[in-house]
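Take a look at the structure set out below.
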Amino acid sequence: MNVDHPDAKLIALLERIALKDQAALKFLYDECAGKLYGLALRVVSHREFAEDVLQEAFLNIWRSAPDYSASLSPPMAWMGLIVRSRALDLLRRRAAERTHLTQEIDETLADTLDSGGPTPLDTAQASEQAWALNQCLSRLENKQREVVNLAYMRDLSHSELATQLQLPLGTVKTWIRRGLDQLRLCMARFA
């Protein structure tokens, strides 16, 4: 490799690290930590987590240096991939921890609340569904929205609707069918 090549210094350090040269690891850290920390911070968005990612990444670089091949990847790209991988691993671990904690909280709440009533999760999901339904209903034409509301909120039959709205029965049925088709499509986007 040409000594003037911009990656020559990093490649030489990685070759020394592959031979377990600790001083080379320190030099590599001094040379690249700032850029790699910036990458970690962009992925995890939290300084402490980015520091943890950087530490894990340099441990991984120490262990994986013998596998590095300059012909396959520039050194910063290879190290950046390690940092990104460690950052995504950290995010996955944190998400799993939060999921586990959420499950514990849900189980505790389920044990302490009346088992016959809705849980907070049920209430939240029902609220989201109600919001989505309201959004979808607002997208219907006024006539369709009115007919669907009367049919399902007041539990009126098609013939009762036709009589109340003074419309032909076929028209009421068509409006309900089209309105429900549009609602189904719209609600599928929120699912």
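Starting from 1 in every chain, residues are counted up; chains themselves are A, B, ... following the order of the structure tokens, and ligands are numbered from 1 as listed.
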
Find the spatial neighbours of A:Leu25, counting only C-alpha atoms, within a cut-off of 10 Å - ignore same-chain residues fewer than 2 positions away - and output them as a ChimeraX atom specification.
/A:13-14,16-18,20-23,27-31,58-59,61-62

Writer output for current selection, C-alpha atoms, as a CSV table (one decimal), in the first residue's frame:
chain,number,residue,atom,x,y,z
A,13,LEU,CA,-2.6,0.5,12.8
A,14,LEU,CA,-5.2,-2.3,12.2
A,16,ARG,CA,-0.6,-3.9,14.4
A,17,ILE,CA,-3.8,-4.4,16.3
A,18,ALA,CA,-4.3,-7.8,14.6
A,20,LYS,CA,-2.4,-7.5,19.7
A,21,ASP,CA,-0.4,-4.3,19.8
A,22,GLN,CA,-2.2,-2.2,22.5
A,23,ALA,CA,-0.3,1.0,21.6
A,27,PHE,CA,-3.3,5.4,18.4
A,28,LEU,CA,-6.3,4.2,16.4
A,29,TYR,CA,-8.6,5.4,19.1
A,30,ASP,CA,-7.0,8.8,19.2
A,31,GLU,CA,-7.2,9.1,15.4
A,58,PHE,CA,-13.3,-0.7,20.0
A,59,LEU,CA,-13.4,-4.0,21.9
A,61,ILE,CA,-12.2,-3.9,16.6
A,62,TRP,CA,-9.5,-5.3,18.9

Please list as a ChimeraX atom specification every residue within 10 Å of A:Gln182, counting only C-alpha atoms and excluding residues in the same chain fewer than 6 positions away.
/A:136-137,139-140,144,176,188

Pick from A:Ala162, A:Leu180, A:Ala65, A:Leu19: nearest to A:Met79, with only C-alpha atoms counted?
A:Ala65

Considering only C-alpha atoms, return as a compact mmCIF listing (two decimals) with N, CA, C and O atoms, in the first residue's frame whatever protein or nucleic-acid residues lie within 12 Å of stretch 85-88 of chain A, sequence-local ones (same chain, fewer than 3 positions apart) excluded.
# COMPACT_ATOMS: atom_id res chain seq x y z
N LEU A 36 -16.14 8.23 14.95
CA LEU A 36 -16.95 7.05 15.27
C LEU A 36 -17.97 7.36 16.36
O LEU A 36 -19.09 6.86 16.34
N TYR A 37 -17.57 8.21 17.31
CA TYR A 37 -18.50 8.63 18.36
C TYR A 37 -19.67 9.41 17.73
O TYR A 37 -20.82 9.22 18.08
N GLY A 38 -19.35 10.29 16.77
CA GLY A 38 -20.39 11.04 16.07
C GLY A 38 -21.39 10.12 15.37
O GLY A 38 -22.60 10.35 15.41
N LEU A 39 -20.87 9.08 14.75
CA LEU A 39 -21.74 8.10 14.09
C LEU A 39 -22.63 7.40 15.13
O LEU A 39 -23.84 7.27 14.94
N ALA A 40 -22.02 6.97 16.22
CA ALA A 40 -22.79 6.30 17.28
C ALA A 40 -23.88 7.21 17.83
O ALA A 40 -25.02 6.79 18.03
N LEU A 41 -23.52 8.47 18.03
CA LEU A 41 -24.48 9.43 18.58
C LEU A 41 -25.66 9.64 17.62
O LEU A 41 -26.80 9.77 18.05
N ARG A 42 -25.38 9.66 16.32
CA ARG A 42 -26.46 9.80 15.34
C ARG A 42 -27.42 8.62 15.40
O ARG A 42 -28.62 8.78 15.23
N VAL A 43 -26.90 7.43 15.67
CA VAL A 43 -27.76 6.24 15.69
C VAL A 43 -28.54 6.14 16.99
O VAL A 43 -29.74 5.88 16.99
N VAL A 44 -27.88 6.35 18.13
CA VAL A 44 -28.53 6.12 19.42
C VAL A 44 -29.11 7.39 20.06
O VAL A 44 -29.91 7.29 20.98
N SER A 45 -28.69 8.56 19.59
CA SER A 45 -29.24 9.85 20.04
C SER A 45 -29.12 10.11 21.54
O SER A 45 -29.96 10.79 22.12
N HIS A 46 -28.13 9.56 22.19
CA HIS A 46 -27.95 9.78 23.62
C HIS A 46 -26.46 9.64 23.92
O HIS A 46 -25.85 8.62 23.59
N ARG A 47 -25.87 10.63 24.55
CA ARG A 47 -24.41 10.66 24.76
C ARG A 47 -23.87 9.44 25.51
O ARG A 47 -22.89 8.85 25.09
N GLU A 48 -24.51 9.09 26.61
CA GLU A 48 -24.02 7.94 27.39
C GLU A 48 -24.08 6.66 26.57
O GLU A 48 -23.16 5.84 26.63
N PHE A 49 -25.16 6.48 25.83
CA PHE A 49 -25.28 5.28 25.00
C PHE A 49 -24.22 5.28 23.91
O PHE A 49 -23.64 4.24 23.59
N ALA A 50 -23.98 6.45 23.33
CA ALA A 50 -22.96 6.55 22.28
C ALA A 50 -21.58 6.19 22.84
O ALA A 50 -20.78 5.54 22.16
N GLU A 51 -21.30 6.61 24.07
CA GLU A 51 -20.02 6.26 24.70
C GLU A 51 -19.91 4.75 24.89
O GLU A 51 -18.86 4.15 24.64
N ASP A 52 -21.00 4.12 25.33
CA ASP A 52 -21.01 2.67 25.50
C ASP A 52 -20.79 1.97 24.16
O ASP A 52 -20.05 0.99 24.07
N VAL A 53 -21.47 2.48 23.13
CA VAL A 53 -21.33 1.90 21.79
C VAL A 53 -19.88 2.00 21.33
O VAL A 53 -19.31 1.04 20.80
N LEU A 54 -19.26 3.16 21.54
CA LEU A 54 -17.89 3.37 21.11
C LEU A 54 -16.94 2.40 21.83
O LEU A 54 -16.07 1.79 21.20
N GLN A 55 -17.17 2.22 23.12
CA GLN A 55 -16.33 1.27 23.88
C GLN A 55 -16.49 -0.15 23.35
O GLN A 55 -15.51 -0.86 23.12
N GLU A 56 -17.73 -0.56 23.14
CA GLU A 56 -17.98 -1.90 22.60
C GLU A 56 -17.37 -2.05 21.21
O GLU A 56 -16.82 -3.11 20.87
N ALA A 57 -17.47 -1.00 20.41
CA ALA A 57 -16.94 -1.05 19.05
C ALA A 57 -15.42 -1.24 19.07
O ALA A 57 -14.89 -2.04 18.30
N PHE A 58 -14.73 -0.52 19.94
CA PHE A 58 -13.27 -0.66 19.98
C PHE A 58 -12.85 -2.03 20.53
O PHE A 58 -11.85 -2.59 20.10
N LEU A 59 -13.64 -2.59 21.43
CA LEU A 59 -13.37 -3.97 21.86
C LEU A 59 -13.55 -4.93 20.67
O LEU A 59 -12.76 -5.85 20.48
N ASN A 60 -14.59 -4.67 19.89
CA ASN A 60 -14.84 -5.50 18.72
C ASN A 60 -13.73 -5.33 17.68
O ASN A 60 -13.30 -6.30 17.05
N ILE A 61 -13.27 -4.11 17.49
CA ILE A 61 -12.15 -3.85 16.56
C ILE A 61 -10.91 -4.61 17.03
O ILE A 61 -10.21 -5.23 16.23
N TRP A 78 -15.12 0.08 7.48
CA TRP A 78 -15.17 -1.16 8.26
C TRP A 78 -15.47 -0.85 9.73
O TRP A 78 -16.35 -1.47 10.34
N MET A 79 -14.75 0.12 10.29
CA MET A 79 -14.98 0.49 11.69
C MET A 79 -16.36 1.13 11.86
O MET A 79 -17.04 0.90 12.87
N GLY A 80 -16.80 1.93 10.88
CA GLY A 80 -18.13 2.52 10.94
C GLY A 80 -19.22 1.47 10.95
O GLY A 80 -20.22 1.61 11.66
N LEU A 81 -19.01 0.41 10.20
CA LEU A 81 -19.97 -0.69 10.20
C LEU A 81 -20.04 -1.37 11.56
O LEU A 81 -21.12 -1.71 12.04
N ILE A 82 -18.89 -1.51 12.19
CA ILE A 82 -18.86 -2.10 13.54
C ILE A 82 -19.61 -1.19 14.52
O ILE A 82 -20.42 -1.66 15.32
N LEU A 91 -29.72 -0.50 20.72
CA LEU A 91 -31.12 -0.09 20.58
C LEU A 91 -32.06 -1.28 20.70
O LEU A 91 -33.11 -1.19 21.33
N ARG A 92 -31.67 -2.42 20.11
CA ARG A 92 -32.51 -3.63 20.21
C ARG A 92 -32.58 -4.11 21.67
O ARG A 92 -33.65 -4.49 22.15
N ARG A 93 -31.44 -4.10 22.36
CA ARG A 93 -31.43 -4.52 23.77
C ARG A 93 -32.33 -3.61 24.60
O ARG A 93 -33.10 -4.07 25.43
N ARG A 94 -32.22 -2.31 24.37
CA ARG A 94 -33.03 -1.36 25.14
C ARG A 94 -34.52 -1.54 24.83
O ARG A 94 -35.34 -1.47 25.73
N ALA A 95 -34.84 -1.79 23.59
CA ALA A 95 -36.24 -2.02 23.22
C ALA A 95 -36.75 -3.29 23.89
O ALA A 95 -37.88 -3.33 24.40

Name the residues in contact with stretch 153-157 of chain A at a cut-off of 12 Å, using only C-alpha atoms, excluding same-chain residues fewer than 5 positions from it; report them as an mmCIF file with N, CA, C and O atoms, in the first residue's frame.
data_model
loop_
_atom_site.group_PDB
_atom_site.id
_atom_site.type_symbol
_atom_site.label_atom_id
_atom_site.label_comp_id
_atom_site.auth_asym_id
_atom_site.auth_seq_id
_atom_site.Cartn_x
_atom_site.Cartn_y
_atom_site.Cartn_z
ATOM 1 N N ARG A 145 -71.907 9.308 5.607
ATOM 2 C CA ARG A 145 -71.595 9.384 7.026
ATOM 3 C C ARG A 145 -72.882 9.358 7.862
ATOM 4 O O ARG A 145 -72.980 8.642 8.846
ATOM 5 N N GLU A 146 -73.890 10.119 7.429
ATOM 6 C CA GLU A 146 -75.150 10.182 8.164
ATOM 7 C C GLU A 146 -75.831 8.807 8.200
ATOM 8 O O GLU A 146 -76.278 8.350 9.247
ATOM 9 N N VAL A 147 -75.887 8.152 7.044
ATOM 10 C CA VAL A 147 -76.550 6.849 6.967
ATOM 11 C C VAL A 147 -75.803 5.811 7.810
ATOM 12 O O VAL A 147 -76.418 5.043 8.557
ATOM 13 N N VAL A 148 -74.487 5.785 7.723
ATOM 14 C CA VAL A 148 -73.706 4.814 8.503
ATOM 15 C C VAL A 148 -73.863 5.094 9.999
ATOM 16 O O VAL A 148 -74.060 4.171 10.798
ATOM 17 N N ALA A 162 -84.579 4.234 5.545
ATOM 18 C CA ALA A 162 -85.229 4.729 4.334
ATOM 19 C C ALA A 162 -86.471 5.539 4.689
ATOM 20 O O ALA A 162 -86.708 6.618 4.122
ATOM 21 N N THR A 163 -87.230 5.050 5.650
ATOM 22 C CA THR A 163 -88.442 5.755 6.076
ATOM 23 C C THR A 163 -88.076 7.073 6.741
ATOM 24 O O THR A 163 -88.642 8.122 6.419
ATOM 25 N N GLN A 164 -87.113 7.036 7.694
ATOM 26 C CA GLN A 164 -86.743 8.236 8.438
ATOM 27 C C GLN A 164 -86.148 9.309 7.531
ATOM 28 O O GLN A 164 -86.418 10.493 7.682
ATOM 29 N N LEU A 165 -85.314 8.900 6.557
ATOM 30 C CA LEU A 165 -84.644 9.857 5.678
ATOM 31 C C LEU A 165 -85.448 10.161 4.411
ATOM 32 O O LEU A 165 -85.027 10.982 3.601
ATOM 33 N N LEU A 169 -85.182 2.593 -0.523
ATOM 34 C CA LEU A 169 -84.438 1.572 0.214
ATOM 35 C C LEU A 169 -83.131 1.216 -0.495
ATOM 36 O O LEU A 169 -82.086 1.074 0.139
ATOM 37 N N VAL A 172 -80.401 3.785 0.232
ATOM 38 C CA VAL A 172 -79.861 3.636 1.595
ATOM 39 C C VAL A 172 -78.884 2.471 1.638
ATOM 40 O O VAL A 172 -77.778 2.593 2.185
ATOM 41 N N LYS A 173 -79.281 1.350 1.044
ATOM 42 C CA LYS A 173 -78.395 0.179 1.049
ATOM 43 C C LYS A 173 -77.094 0.469 0.316
ATOM 44 O O LYS A 173 -76.010 0.088 0.766
ATOM 45 N N ILE A 176 -74.850 2.769 2.423
ATOM 46 C CA ILE A 176 -74.249 2.041 3.550
ATOM 47 C C ILE A 176 -73.122 1.138 3.039
ATOM 48 O O ILE A 176 -72.028 1.118 3.604
#

Among chain A, which ones does DSSP assign to alpha helix (DSSP H) (computed from the backbone)? Answer as an NGL selection string.
:A and (8-18 or 22-44 or 47-64 or 75-112 or 120-138 or 142-153 or 158-165 or 169-190)

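Going from atom CA of A:Asn134 to atom CA of A:Cys186 covers 10.6 Å.
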
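From atom CA of A:Ala96 back to atom CA of A:Met187, the distance works out to 28.7 Å.
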